[in-house]
$ cat final_13.cif   # mmCIF, C-alpha atoms and all ligand atoms
data_data
#
loop_
_atom_site.label_atom_id
_atom_site.label_comp_id
_atom_site.auth_asym_id
_atom_site.auth_seq_id
_atom_site.Cartn_x
_atom_site.Cartn_y
_atom_site.Cartn_z
CA MET E 960 2.00 -13.10 -21.31
CA PHE E 961 -1.07 -14.03 -19.34
CA GLU E 962 -4.51 -12.50 -18.98
CA ARG E 963 -4.41 -10.16 -15.99
CA VAL E 964 -7.97 -9.26 -14.98
CA TRP E 965 -11.36 -10.62 -15.89
CA ILE E 966 -13.94 -7.84 -15.77
CA LYS E 967 -15.88 -8.28 -18.96
CA SER E 968 -19.31 -7.10 -17.86
CA LYS E 969 -18.94 -3.92 -19.89
CA GLU E 970 -21.81 -1.88 -18.51
CA LEU E 971 -20.59 -2.30 -14.94
CA PHE E 972 -16.90 -1.63 -15.51
CA GLU E 973 -15.94 0.00 -18.76
CA GLY E 974 -18.42 2.85 -18.69
CA VAL E 975 -17.53 3.77 -15.13
CA ILE E 976 -13.79 3.50 -15.65
CA LYS E 977 -13.79 5.56 -18.85
CA SER E 978 -15.89 8.32 -17.35
CA ASP E 979 -13.42 8.84 -14.53
CA GLN E 980 -10.74 11.45 -14.97
CA PHE E 981 -7.25 10.38 -14.08
CA PRO E 982 -4.23 12.69 -14.16
CA GLU E 983 -1.78 12.04 -16.97
CA SER E 984 0.80 10.66 -14.64
CA ILE E 985 0.48 9.44 -11.07
CA ALA E 986 3.46 9.00 -8.75
CA VAL E 987 3.39 6.40 -6.03
CA ARG E 988 5.41 7.55 -3.05
CA ASP E 989 6.36 4.85 -0.60
CA CYS E 990 6.35 5.88 3.08
CA THR E 991 7.20 2.52 4.68
CA LEU E 992 10.49 3.81 6.08
CA ARG E 993 8.83 6.75 7.89
CA GLU E 994 5.11 6.02 8.37
CA GLY E 995 5.64 2.24 8.52
CA GLU E 996 7.98 2.65 11.43
CA GLN E 997 5.30 4.58 13.31
CA ALA E 998 3.29 1.35 13.47
CA ALA E 999 3.27 -0.26 16.90
CA ASP E 1000 6.05 -2.79 17.29
CA ILE E 1001 8.09 -1.90 14.21
CA VAL E 1002 11.70 -0.85 14.38
CA PHE E 1003 13.96 -0.72 11.35
CA SER E 1004 17.74 -0.76 11.40
CA VAL E 1005 19.83 1.19 8.87
CA GLU E 1006 20.38 -2.02 6.90
CA ASP E 1007 16.64 -2.83 6.95
CA LYS E 1008 15.82 0.60 5.54
CA LEU E 1009 18.47 0.35 2.86
CA GLN E 1010 17.27 -3.07 1.76
CA ILE E 1011 13.66 -1.89 1.58
CA ALA E 1012 14.69 1.19 -0.41
CA GLU E 1013 16.67 -0.93 -2.84
CA ARG E 1014 13.77 -3.31 -3.41
CA LEU E 1015 11.31 -0.46 -3.85
CA GLU E 1016 13.54 1.05 -6.49
CA SER E 1017 13.87 -2.29 -8.26
CA ILE E 1018 10.10 -2.63 -8.70
CA GLY E 1019 9.80 0.88 -10.17
CA ILE E 1020 9.04 3.18 -7.19
CA ARG E 1021 10.67 6.55 -7.80
CA ARG E 1022 9.83 8.46 -4.61
CA ILE E 1023 10.57 7.32 -1.06
CA GLN E 1024 9.86 9.17 2.14
CA VAL E 1025 13.03 8.14 3.95
CA GLY E 1026 12.50 9.70 7.37
CA MET E 1027 13.54 12.46 9.73
CA PRO E 1028 17.26 13.16 9.41
CA GLY E 1029 16.94 16.07 11.83
CA ARG E 1030 15.55 13.84 14.55
CA SER E 1031 16.99 10.38 14.00
CA GLU E 1032 20.60 9.22 13.69
CA ILE E 1033 19.42 6.09 11.87
CA ASP E 1034 17.55 8.16 9.28
CA LYS E 1035 20.52 10.47 8.87
CA ASN E 1036 22.70 7.47 8.20
CA VAL E 1037 20.20 6.04 5.69
CA PHE E 1038 20.12 9.35 3.78
CA GLU E 1039 23.93 9.42 3.72
CA ARG E 1040 24.08 5.88 2.36
CA LEU E 1041 21.47 6.65 -0.30
CA LYS E 1042 23.36 9.68 -1.60
CA GLY E 1043 23.86 9.33 -5.32
CA SER E 1044 20.80 7.12 -5.77
CA LYS E 1045 18.52 8.25 -8.60
CA ILE E 1046 15.42 7.75 -6.50
CA SER E 1047 13.83 10.84 -4.89
CA ARG E 1048 14.78 10.74 -1.18
CA GLU E 1049 12.36 12.75 0.89
CA ALA E 1050 12.73 14.07 4.42
CA PHE E 1051 9.96 14.71 6.93
CA ILE E 1052 10.15 18.09 8.71
CA LEU E 1053 7.91 18.98 11.63
CA ALA E 1054 7.35 22.71 11.11
CA TYR E 1055 5.46 22.96 14.41
CA GLY E 1056 8.63 22.07 16.31
CA LEU E 1057 10.98 24.81 17.35
CA LYS E 1058 13.87 23.48 15.31
CA TRP E 1059 12.35 23.21 11.85
CA LYS E 1060 15.10 25.32 10.30
CA GLU E 1061 17.82 23.04 11.68
CA GLU E 1062 15.83 20.04 10.47
CA ILE E 1063 15.72 21.46 6.95
CA ASP E 1064 19.46 22.23 7.12
CA GLN E 1065 20.10 18.67 8.21
CA ALA E 1066 18.00 17.35 5.31
CA ILE E 1067 20.08 19.44 2.90
CA SER E 1068 23.35 18.25 4.38
CA VAL E 1069 22.43 14.57 3.97
CA GLY E 1070 21.39 15.07 0.36
CA ALA E 1071 17.59 14.88 0.63
CA SER E 1072 15.94 15.58 -2.73
CA SER E 1073 12.80 16.88 -1.18
CA VAL E 1074 11.21 17.86 2.13
CA ASP E 1075 7.74 17.42 3.53
CA ILE E 1076 6.91 20.48 5.63
CA VAL E 1077 4.31 19.21 8.09
CA MET E 1078 2.03 21.56 10.03
CA PRO E 1079 -1.37 20.72 11.56
CA CYS E 1080 -4.36 22.66 10.31
CA SER E 1081 -7.43 21.42 12.20
CA GLU E 1082 -8.79 23.11 15.29
CA TYR E 1083 -8.30 19.82 17.13
CA ARG E 1084 -4.58 20.29 16.90
CA LEU E 1085 -3.95 23.98 16.33
CA LYS E 1086 -6.09 25.28 19.13
CA GLU E 1087 -6.34 22.40 21.59
CA ILE E 1088 -2.79 21.09 21.45
CA MET E 1089 -0.57 23.82 20.10
CA ASN E 1090 -2.38 26.98 21.05
CA LEU E 1091 -1.66 28.46 17.62
CA SER E 1092 -3.98 30.73 15.65
CA GLN E 1093 -4.68 30.09 11.97
CA GLU E 1094 -2.69 33.22 11.12
CA GLU E 1095 0.33 31.92 13.01
CA MET E 1096 -0.01 28.54 11.34
CA LEU E 1097 0.02 30.20 7.89
CA ARG E 1098 2.95 32.45 8.78
CA ILE E 1099 5.23 29.67 10.10
CA SER E 1100 4.28 27.36 7.21
CA GLN E 1101 5.04 30.04 4.66
CA GLU E 1102 8.39 30.77 6.24
CA ALA E 1103 9.34 27.08 6.22
CA ILE E 1104 8.23 26.52 2.60
CA ILE E 1105 10.15 29.57 1.40
CA TYR E 1106 13.23 28.51 3.38
CA GLY E 1107 13.12 25.07 1.72
CA LYS E 1108 12.64 26.55 -1.76
CA ASN E 1109 15.39 29.13 -1.28
CA ASN E 1110 17.72 26.26 -0.43
CA GLY E 1111 17.00 24.46 -3.67
CA LEU E 1112 14.69 21.79 -2.30
CA ASN E 1113 11.59 20.32 -3.78
CA VAL E 1114 8.91 21.11 -1.17
CA SER E 1115 5.71 19.29 -0.32
CA PHE E 1116 3.49 21.07 2.16
CA VAL E 1117 1.45 18.77 4.38
CA PRO E 1118 -1.27 20.50 6.44
CA SER E 1119 -1.86 17.46 8.62
CA ASP E 1120 -5.41 16.58 9.68
CA THR E 1121 -6.55 18.31 6.46
CA THR E 1122 -9.83 16.45 6.37
CA ARG E 1123 -11.00 17.95 9.69
CA ALA E 1124 -10.24 21.58 8.85
CA SER E 1125 -12.77 24.00 7.36
CA LEU E 1126 -12.91 24.35 3.58
CA LYS E 1127 -12.48 28.10 3.99
CA PHE E 1128 -9.22 27.68 5.91
CA LEU E 1129 -8.05 25.03 3.43
CA GLN E 1130 -8.48 27.59 0.66
CA GLU E 1131 -6.22 30.00 2.51
CA ILE E 1132 -3.69 27.22 3.09
CA GLY E 1133 -3.76 26.26 -0.59
CA GLN E 1134 -3.24 29.87 -1.69
CA MET E 1135 -0.39 30.33 0.79
CA ALA E 1136 1.30 27.09 -0.39
CA ALA E 1137 0.98 28.09 -4.06
CA GLN E 1138 2.22 31.65 -3.49
CA SER E 1139 5.15 30.41 -1.39
CA GLY E 1140 6.25 28.15 -4.24
CA ALA E 1141 5.44 24.72 -2.74
CA ASP E 1142 5.71 21.99 -5.38
CA PHE E 1143 3.02 19.81 -3.83
CA LEU E 1144 0.20 20.23 -1.36
CA PHE E 1145 -0.91 17.06 0.40
CA VAL E 1146 -4.43 16.32 1.56
CA ALA E 1147 -3.75 14.30 4.69
CA ASP E 1148 -6.56 12.25 6.18
CA THR E 1149 -4.42 11.90 9.28
CA VAL E 1150 -6.99 10.20 11.52
CA GLY E 1151 -8.74 8.25 8.75
CA VAL E 1152 -12.23 9.73 8.95
CA ALA E 1153 -12.74 10.98 5.38
CA THR E 1154 -15.10 9.26 3.00
CA PRO E 1155 -14.46 9.16 -0.76
CA GLU E 1156 -16.98 11.97 -1.23
CA THR E 1157 -15.27 14.18 1.40
CA MET E 1158 -11.99 13.52 -0.33
CA ARG E 1159 -13.43 14.45 -3.72
CA LEU E 1160 -14.84 17.67 -2.32
CA ILE E 1161 -11.55 18.72 -0.71
CA VAL E 1162 -9.42 17.86 -3.74
CA ARG E 1163 -11.81 19.68 -6.09
CA SER E 1164 -11.67 22.75 -3.88
CA LEU E 1165 -7.85 22.84 -3.94
CA ARG E 1166 -6.92 21.62 -7.39
CA ASP E 1167 -7.00 24.92 -9.29
CA LEU E 1168 -4.86 27.00 -6.95
CA GLY E 1169 -1.63 26.46 -8.87
CA VAL E 1170 -0.02 23.74 -6.72
CA LYS E 1171 -0.01 20.02 -7.54
CA LEU E 1172 -1.84 17.81 -5.07
CA GLY E 1173 -0.91 14.65 -3.24
CA VAL E 1174 -2.90 12.43 -0.88
CA HIS E 1175 -1.99 10.72 2.38
CA ALA E 1176 -4.79 8.46 3.62
CA HIS E 1177 -5.28 6.33 6.72
CA ASN E 1178 -7.24 3.19 7.27
CA ASP E 1179 -8.93 3.71 10.64
CA LEU E 1180 -12.32 2.96 9.09
CA GLY E 1181 -11.07 0.81 6.23
CA LEU E 1182 -11.50 3.62 3.68
CA GLY E 1183 -7.86 4.46 2.98
CA LEU E 1184 -7.64 2.90 -0.47
CA ALA E 1185 -11.03 4.19 -1.61
CA ASN E 1186 -10.10 7.69 -0.41
CA ALA E 1187 -6.74 7.63 -2.19
CA ILE E 1188 -8.41 6.56 -5.43
CA ALA E 1189 -11.11 9.21 -5.08
CA ALA E 1190 -8.38 11.85 -4.63
CA VAL E 1191 -6.54 10.66 -7.73
CA GLN E 1192 -9.73 10.66 -9.78
CA GLU E 1193 -10.19 14.32 -8.85
CA GLY E 1194 -6.66 15.25 -9.85
CA ALA E 1195 -4.18 14.35 -7.06
CA VAL E 1196 -0.92 13.26 -8.69
CA VAL E 1197 1.03 11.74 -5.78
CA VAL E 1198 -0.23 8.98 -3.51
CA ASP E 1199 1.41 7.88 -0.27
CA VAL E 1200 1.47 4.13 0.29
CA CYS E 1201 3.20 1.66 2.61
CA ILE E 1202 4.21 -1.93 2.06
CA ASN E 1203 1.59 -4.19 3.70
CA GLY E 1204 -0.39 -1.07 4.62
CA LEU E 1205 1.89 -0.49 7.62
CA GLY E 1206 1.47 2.73 9.52
CA GLU E 1207 0.17 4.35 12.66
CA ARG E 1208 -2.86 2.70 14.29
CA ALA E 1209 -4.75 0.79 11.58
CA GLY E 1210 -2.18 1.76 8.95
CA GLY E 1211 -2.67 3.35 5.59
CA VAL E 1212 -2.93 2.56 1.90
CA ALA E 1213 -1.20 -0.71 0.98
CA LEU E 1214 1.26 -0.35 -1.87
CA ASP E 1215 0.17 -3.56 -3.57
CA GLU E 1216 -3.55 -2.75 -3.42
CA PHE E 1217 -3.21 0.79 -4.78
CA VAL E 1218 -0.91 -0.30 -7.59
CA VAL E 1219 -3.02 -3.25 -8.68
CA VAL E 1220 -6.31 -1.33 -8.56
CA VAL E 1221 -4.98 1.66 -10.52
CA GLN E 1222 -2.74 -0.22 -12.92
CA GLU E 1223 -4.85 -3.31 -13.59
CA LEU E 1224 -8.45 -2.32 -12.92
CA PHE E 1225 -8.28 1.28 -14.13
CA CYS E 1226 -5.52 0.67 -16.71
CA GLN E 1227 -3.51 3.74 -15.61
CA PRO E 1228 0.19 2.94 -16.02
CA LEU E 1229 2.32 3.49 -12.89
CA GLY E 1230 5.46 1.79 -14.18
CA ILE E 1231 5.52 -0.68 -11.29
CA LYS E 1232 6.41 -4.35 -11.65
CA THR E 1233 3.40 -5.91 -9.99
CA GLU E 1234 4.79 -9.43 -10.29
CA SER E 1235 7.31 -8.57 -7.54
CA LEU E 1236 4.74 -7.22 -5.07
CA TYR E 1237 4.14 -10.49 -3.23
CA ALA E 1238 7.86 -11.12 -2.75
CA LEU E 1239 8.28 -7.54 -1.47
CA SER E 1240 5.43 -7.98 1.04
CA LYS E 1241 6.87 -11.25 2.32
CA PHE E 1242 10.31 -9.68 2.58
CA VAL E 1243 9.00 -6.87 4.78
CA GLU E 1244 6.97 -9.36 6.81
CA SER E 1245 10.09 -11.38 7.52
CA LEU E 1246 12.08 -8.26 8.32
CA THR E 1247 9.54 -6.83 10.75
CA GLY E 1248 7.95 -9.96 12.19
CA PHE E 1249 4.66 -8.17 11.58
CA SER E 1250 2.40 -10.87 10.10
CA ILE E 1251 0.32 -10.08 7.05
CA PRO E 1252 -3.31 -10.91 7.94
CA PRO E 1253 -4.26 -14.12 6.07
CA THR E 1254 -7.25 -12.45 4.42
CA LYS E 1255 -5.41 -9.32 3.34
CA PRO E 1256 -6.10 -8.71 -0.38
CA LEU E 1257 -3.44 -9.83 -2.86
CA VAL E 1258 -0.67 -10.76 -0.42
CA GLY E 1259 -2.47 -12.51 2.47
CA SER E 1260 -1.89 -16.26 2.69
CA GLN E 1261 -5.55 -16.94 1.85
CA ALA E 1262 -6.02 -14.25 -0.81
CA PHE E 1263 -6.06 -16.82 -3.63
CA ALA E 1264 -7.13 -19.89 -1.65
CA HIS E 1265 -10.07 -21.98 -2.83
CA LYS E 1266 -11.71 -24.56 -0.61
CA LEU E 1267 -15.12 -25.50 -2.03
CA ASP E 1268 -14.88 -28.41 -4.43
CA THR E 1269 -16.99 -26.74 -7.12
CA HIS E 1270 -14.69 -23.70 -7.01
CA ILE E 1271 -11.59 -25.83 -7.29
CA GLN E 1272 -13.15 -27.63 -10.26
CA GLY E 1273 -13.96 -24.20 -11.70
CA VAL E 1274 -10.54 -22.57 -11.30
CA SER E 1275 -8.83 -25.71 -12.59
CA LYS E 1276 -10.96 -25.71 -15.74
CA TYR E 1277 -11.32 -21.96 -16.35
CA MET E 1278 -9.82 -19.61 -13.77
CA PRO E 1279 -11.91 -16.51 -14.63
CA ALA E 1280 -15.00 -18.37 -13.44
CA TYR E 1281 -13.89 -17.92 -9.82
CA GLN E 1282 -11.25 -15.19 -9.96
CA GLY E 1283 -11.49 -11.56 -11.07
CA ILE E 1284 -7.76 -11.05 -10.92
CA ASN E 1285 -5.09 -13.44 -12.04
CA PRO E 1286 -2.84 -14.29 -9.06
CA GLN E 1287 0.15 -14.16 -11.43
CA VAL E 1288 -0.30 -10.37 -11.51
CA VAL E 1289 1.32 -10.23 -8.06
CA GLY E 1290 3.55 -13.24 -8.58
CA ARG E 1291 1.29 -15.85 -7.01
CA LYS E 1292 -0.83 -18.83 -7.95
CA ILE E 1293 -4.11 -20.38 -6.84
CA ASP E 1294 -3.93 -22.34 -3.58
CA VAL E 1295 -6.02 -25.45 -3.14
CA ILE E 1296 -7.15 -25.82 0.46
CA LEU E 1297 -7.96 -29.27 1.82
CA GLY E 1298 -10.56 -29.11 4.52
CA ASN E 1299 -13.96 -30.19 5.74
CA LEU E 1300 -15.62 -29.18 2.44
CA SER E 1301 -13.13 -30.89 0.13
CA GLY E 1302 -14.21 -33.25 -2.63
CA PRO E 1303 -12.60 -35.28 -5.40
CA PHE E 1304 -11.51 -32.27 -7.49
CA ALA E 1305 -9.57 -30.82 -4.57
CA ILE E 1306 -7.86 -34.15 -3.93
CA ARG E 1307 -6.92 -34.65 -7.59
CA LYS E 1308 -5.68 -31.05 -7.95
CA LYS E 1309 -3.65 -31.15 -4.75
CA ALA E 1310 -2.14 -34.50 -5.73
CA GLN E 1311 -1.27 -33.08 -9.15
CA ASP E 1312 0.32 -29.96 -7.62
CA LEU E 1313 2.40 -32.13 -5.31
CA GLN E 1314 3.19 -34.59 -8.13
CA ILE E 1315 1.56 -37.51 -6.37
CA SER E 1316 -0.11 -40.28 -8.46
CA LEU E 1317 -3.28 -41.65 -6.88
CA GLU E 1318 -5.48 -44.59 -7.98
CA GLU E 1319 -8.82 -43.11 -9.09
CA GLU E 1320 -10.72 -45.82 -7.20
CA ASN E 1321 -9.27 -44.53 -3.92
CA ILE E 1322 -10.21 -40.87 -4.34
CA ASP E 1323 -13.52 -41.14 -2.44
CA LYS E 1324 -11.82 -42.83 0.49
CA ILE E 1325 -9.20 -40.09 0.61
CA VAL E 1326 -11.95 -37.43 0.49
CA GLN E 1327 -13.53 -38.95 3.60
CA ILE E 1328 -10.27 -39.14 5.50
CA VAL E 1329 -9.37 -35.55 4.59
CA ARG E 1330 -12.81 -34.27 5.64
CA ASN E 1331 -12.78 -36.18 8.92
CA SER E 1332 -9.24 -35.06 9.76
CA ALA E 1333 -10.02 -31.41 9.03
CA SER E 1334 -13.21 -31.57 11.10
CA SER E 1335 -11.47 -33.06 14.09
CA LEU E 1336 -8.52 -30.66 13.78
CA LYS E 1337 -10.90 -27.73 13.13
CA ARG E 1338 -8.64 -26.36 10.39
CA ALA E 1339 -7.36 -27.01 6.88
CA LEU E 1340 -4.77 -29.74 6.35
CA THR E 1341 -1.17 -28.93 5.56
CA ASP E 1342 0.53 -30.40 2.50
CA ALA E 1343 2.58 -32.63 4.78
CA GLU E 1344 -0.59 -34.00 6.40
CA PHE E 1345 -2.10 -34.66 2.98
CA ILE E 1346 1.04 -36.44 1.79
CA ASP E 1347 0.85 -38.57 4.90
CA ILE E 1348 -2.76 -39.55 4.12
CA ALA E 1349 -2.12 -40.03 0.41
CA SER E 1350 0.96 -42.18 0.94
CA GLY E 1351 -1.26 -45.13 1.75
CA PHE E 1352 -3.01 -44.84 -1.62
CA MET E 1353 -0.22 -43.99 -4.05
CA LYS E 1354 0.09 -45.77 -7.37
CA PRO E 1355 2.93 -48.23 -7.37
CA GLN E 1356 5.93 -46.82 -9.30
CA LYS E 1357 6.50 -48.52 -12.66
CA GLY E 1358 9.85 -50.16 -13.44
ZN ZN L 1 0.26 9.08 8.24
#
$ encode --input "final_13.cif" --output "structure tokens" --more "lines below"
Ligand SMILES: [Zn+2]
Amino acid sequence: MFERVWIKSKELFEGVIKSDQFPESIAVRDCTLREGEQAADIVFSVEDKLQIAERLESIGIRRIQVGMPGRSEIDKNVFERLKGSKISREAFILAYGLKWKEEIDQAISVGASSVDIVMPCSEYRLKEIMNLSQEEMLRISQEAIIYGKNNGLNVSFVPSDTTRASLKFLQEIGQMAAQSGADFLFVADTVGVATPETMRLIVRSLRDLGVKLGVHAHNDLGLGLANAIAAVQEGAVVVDVCINGLGERAGGVALDEFVVVVQELFCQPLGIKTESLYALSKFVESLTGFSIPPTKPLVGSQAFAHKLDTHIQGVSKYMPAYQGINPQVVGRKIDVILGNLSGPFAIRKKAQDLQISLEEENIDKIVQIVRNSASSLKRALTDAEFIDIASGFMKPQKG
């Protein structure tokens, strides 16, 4: 076992964390197969989707939003191939389309465990796009929820664009969902404009209506993760996430970030093997060709990179001095970067990592060469470039 997080300043962390209310159990629902594919430039094949589903299950995810079997042959095929799997396989139904009943029937025929009944609720969509009154919205939604329940399905009702509807109308929606027997009601920040306080307000206003709450957040303003956590702290019990934060526009809540924050920082067990998160991210990156930004938390190439010599000295001697989270939590280690700010500690550490023996008297010379090379290249040096430089200064092999 290894130490996982280093947050010992009690008054700043413990008091805050203990005072927050978390539900007894929180389910992480992965939406990579549906929402992720709505990201620009991402197309999954049946095999891609099956491989992702298998890996999600292996790290401990128990709910997957698989897709739209009523609208996509690929998704239909994926559902068929996942029949018999213990994982909850959830279908996305657009209740504002004319064929929602056929879509639900299709979901049943391919063995979906659950359906998301999606219906917009903000004026921006109801009035301006669909020309539907609030009464009509409630009536169609109710009919679809009851149809799903009568057919033995677990039903989540998703009034999309929740965070731009009025609180009064949201109350009516919540009451309708509860009375119709929906199992979950999702607060969907569809265009990513909520703040954590807005999210808290909405969740508080809906949490006592007799239906369990979920949250679907987007990252248009970079607040997706904070909003999802705020919702959970107010009582939401299901959180939608995507691998690498994939999703429409700026994406949504990244699986790895939500899991690590809730499980490691807030100590709320989610039953997810965090040590496999980096490998999962890289797998999806290779599958999609969609590069993880280098500075993305936890799984970006530079997320655990140290460049300043004092920091490298620090992490080598006592990692908590320059890290709040142990990279091993997500299956990674510290990276030593050789660049224009490198000094002797960086050179020694990099040589050690690469199992190169250097004469101590040559370290300063190597520092100068590394700095000059990085400055003229205007970037960090690769391991191969360092080996090339170091090869002129290696200790002669004994024997
Ligand atoms: Zn979404």
$ residues_around --input "final_13.cif" --residues "Ala1153 in chain E" --least-positions-apart "6" --cutoff "8 Å" --atoms "only C-alpha atoms" --output "ChimeraX atom specification"
/E:1122,1182,1186
$ closest_residue --input "final_13.cif" --among "E:Gly1259, E:Gly1111, E:Gly1302, E:Gly1169" --to "Met1135 in chain E" --atoms "only C-alpha atoms"
E:Gly1169
$ atom_distance --input "final_13.cif" --atom1 "CA of Ile1105 in chain E" --atom2 "CA of Gln1093 in chain E"
18.2 Å
$ atom_distance --input "final_13.cif" --atom1 "CA of Gly1151 in chain E" --atom2 "CA of Gly1211 in chain E"
8.4 Å
$ closest_residue --input "final_13.cif" --among "E:Gly1210, E:Gly1194, E:Gly1248, E:Gly1181" --to "ligand ZN 1 (chain L)" --atoms "all atoms listed in the file"
E:Gly1210
$ residues_near_ligand --input "final_13.cif" --ligand "ligand ZN 1 (chain L)" --cutoff "7 Å" --atoms "all atoms listed in the file" --output "PyMOL selection string"
chain E and resi 994+1149+1175-1177+1206-1207+1211
$ residues_around --input "final_13.cif" --residues "Val1274 in chain E" --least-positions-apart "2" --cutoff "12 Å" --atoms "only C-alpha atoms" --output "list in words"
Phe1263, Ala1264, His1265, Lys1266, Leu1267, Asp1268, Thr1269, His1270, Ile1271, Gln1272, Lys1276, Tyr1277, Met1278, Pro1279, Ala1280, Tyr1281, Gln1282, Gly1283, Ile1284, Asn1285, Pro1286, Lys1292, Ile1293, Asp1294, Val1295, Phe1304, Ala1305 and Lys1308 of chain E
$ atom_distance --input "final_13.cif" --atom1 "CA of Leu1009 in chain E" --atom2 "CA of Pro1252 in chain E"
25.0 Å
$ closest_residue --input "final_13.cif" --among "E:Ala1066, E:Glu983, E:Trp1059, E:Arg1291" --to "Lys1042 in chain E" --atoms "all atoms listed in the file"
E:Ala1066
$ closest_residue --input "final_13.cif" --among "E:Arg993, E:Arg1014, E:Lys1309, E:Arg1123" --to "Ile1231 in chain E" --atoms "all atoms listed in the file"
E:Arg1014
$ residues_around --input "final_13.cif" --residues "range 1068-1070 of chain E" --least-positions-apart "6" --cutoff "8 Å" --atoms "all atoms listed in the file" --output "PyMOL selection string"
chain E and resi 1028+1035+1038-1039+1042
$ write_last_selection --input "final_13.cif" --atoms "C-alpha atoms" --output "PDB file, in the frame of the given file"
ATOM      1  CA  PRO E1028      17.260  13.160   9.410  1.00  0.00           C
ATOM      2  CA  LYS E1035      20.520  10.470   8.870  1.00  0.00           C
ATOM      3  CA  PHE E1038      20.120   9.350   3.780  1.00  0.00           C
ATOM      4  CA  GLU E1039      23.930   9.420   3.720  1.00  0.00           C
ATOM      5  CA  LYS E1042      23.360   9.680  -1.600  1.00  0.00           C
TER       6      LYS E1042
END
$ closest_residue --input "final_13.cif" --among "E:Asp1323, E:Glu1087, E:Glu1032, E:Glu1131" --to "Gln1101 in chain E" --atoms "only C-alpha atoms"
E:Glu1131
$ residues_around --input "final_13.cif" --residues "range 1235-1247 of chain E" --least-positions-apart "5" --cutoff "7 Å" --atoms "only C-alpha atoms" --output "list in words"
Ile1001, Ile1018, Ile1202, Asn1203, Asp1215, Val1258, Val1289 and Gly1290 of chain E
$ residues_around --input "final_13.cif" --residues "Tyr1055 in chain E" --least-positions-apart "2" --cutoff "9 Å" --atoms "all atoms listed in the file" --output "list in words"
Ile1052, Leu1053, Leu1057, Lys1058, Trp1059, Val1077, Met1078, Pro1079, Met1089, Met1096, Ile1099 and Ser1100 of chain E
$ closest_residue --input "final_13.cif" --among "E:Ser1115, E:Asn1331, E:Thr1157, E:Asn1036" --to "Leu1144 in chain E" --atoms "only C-alpha atoms"
E:Ser1115
$ axis_aligned_box --input "final_13.cif" --around "range 1198-1209 of chain E" --padding-each-side "4 Å" --output "JSON"
{"center_x": -0.3, "center_y": 2.4, "center_z": 5.4, "size_x": 17.0, "size_y": 21.2, "size_z": 25.8}
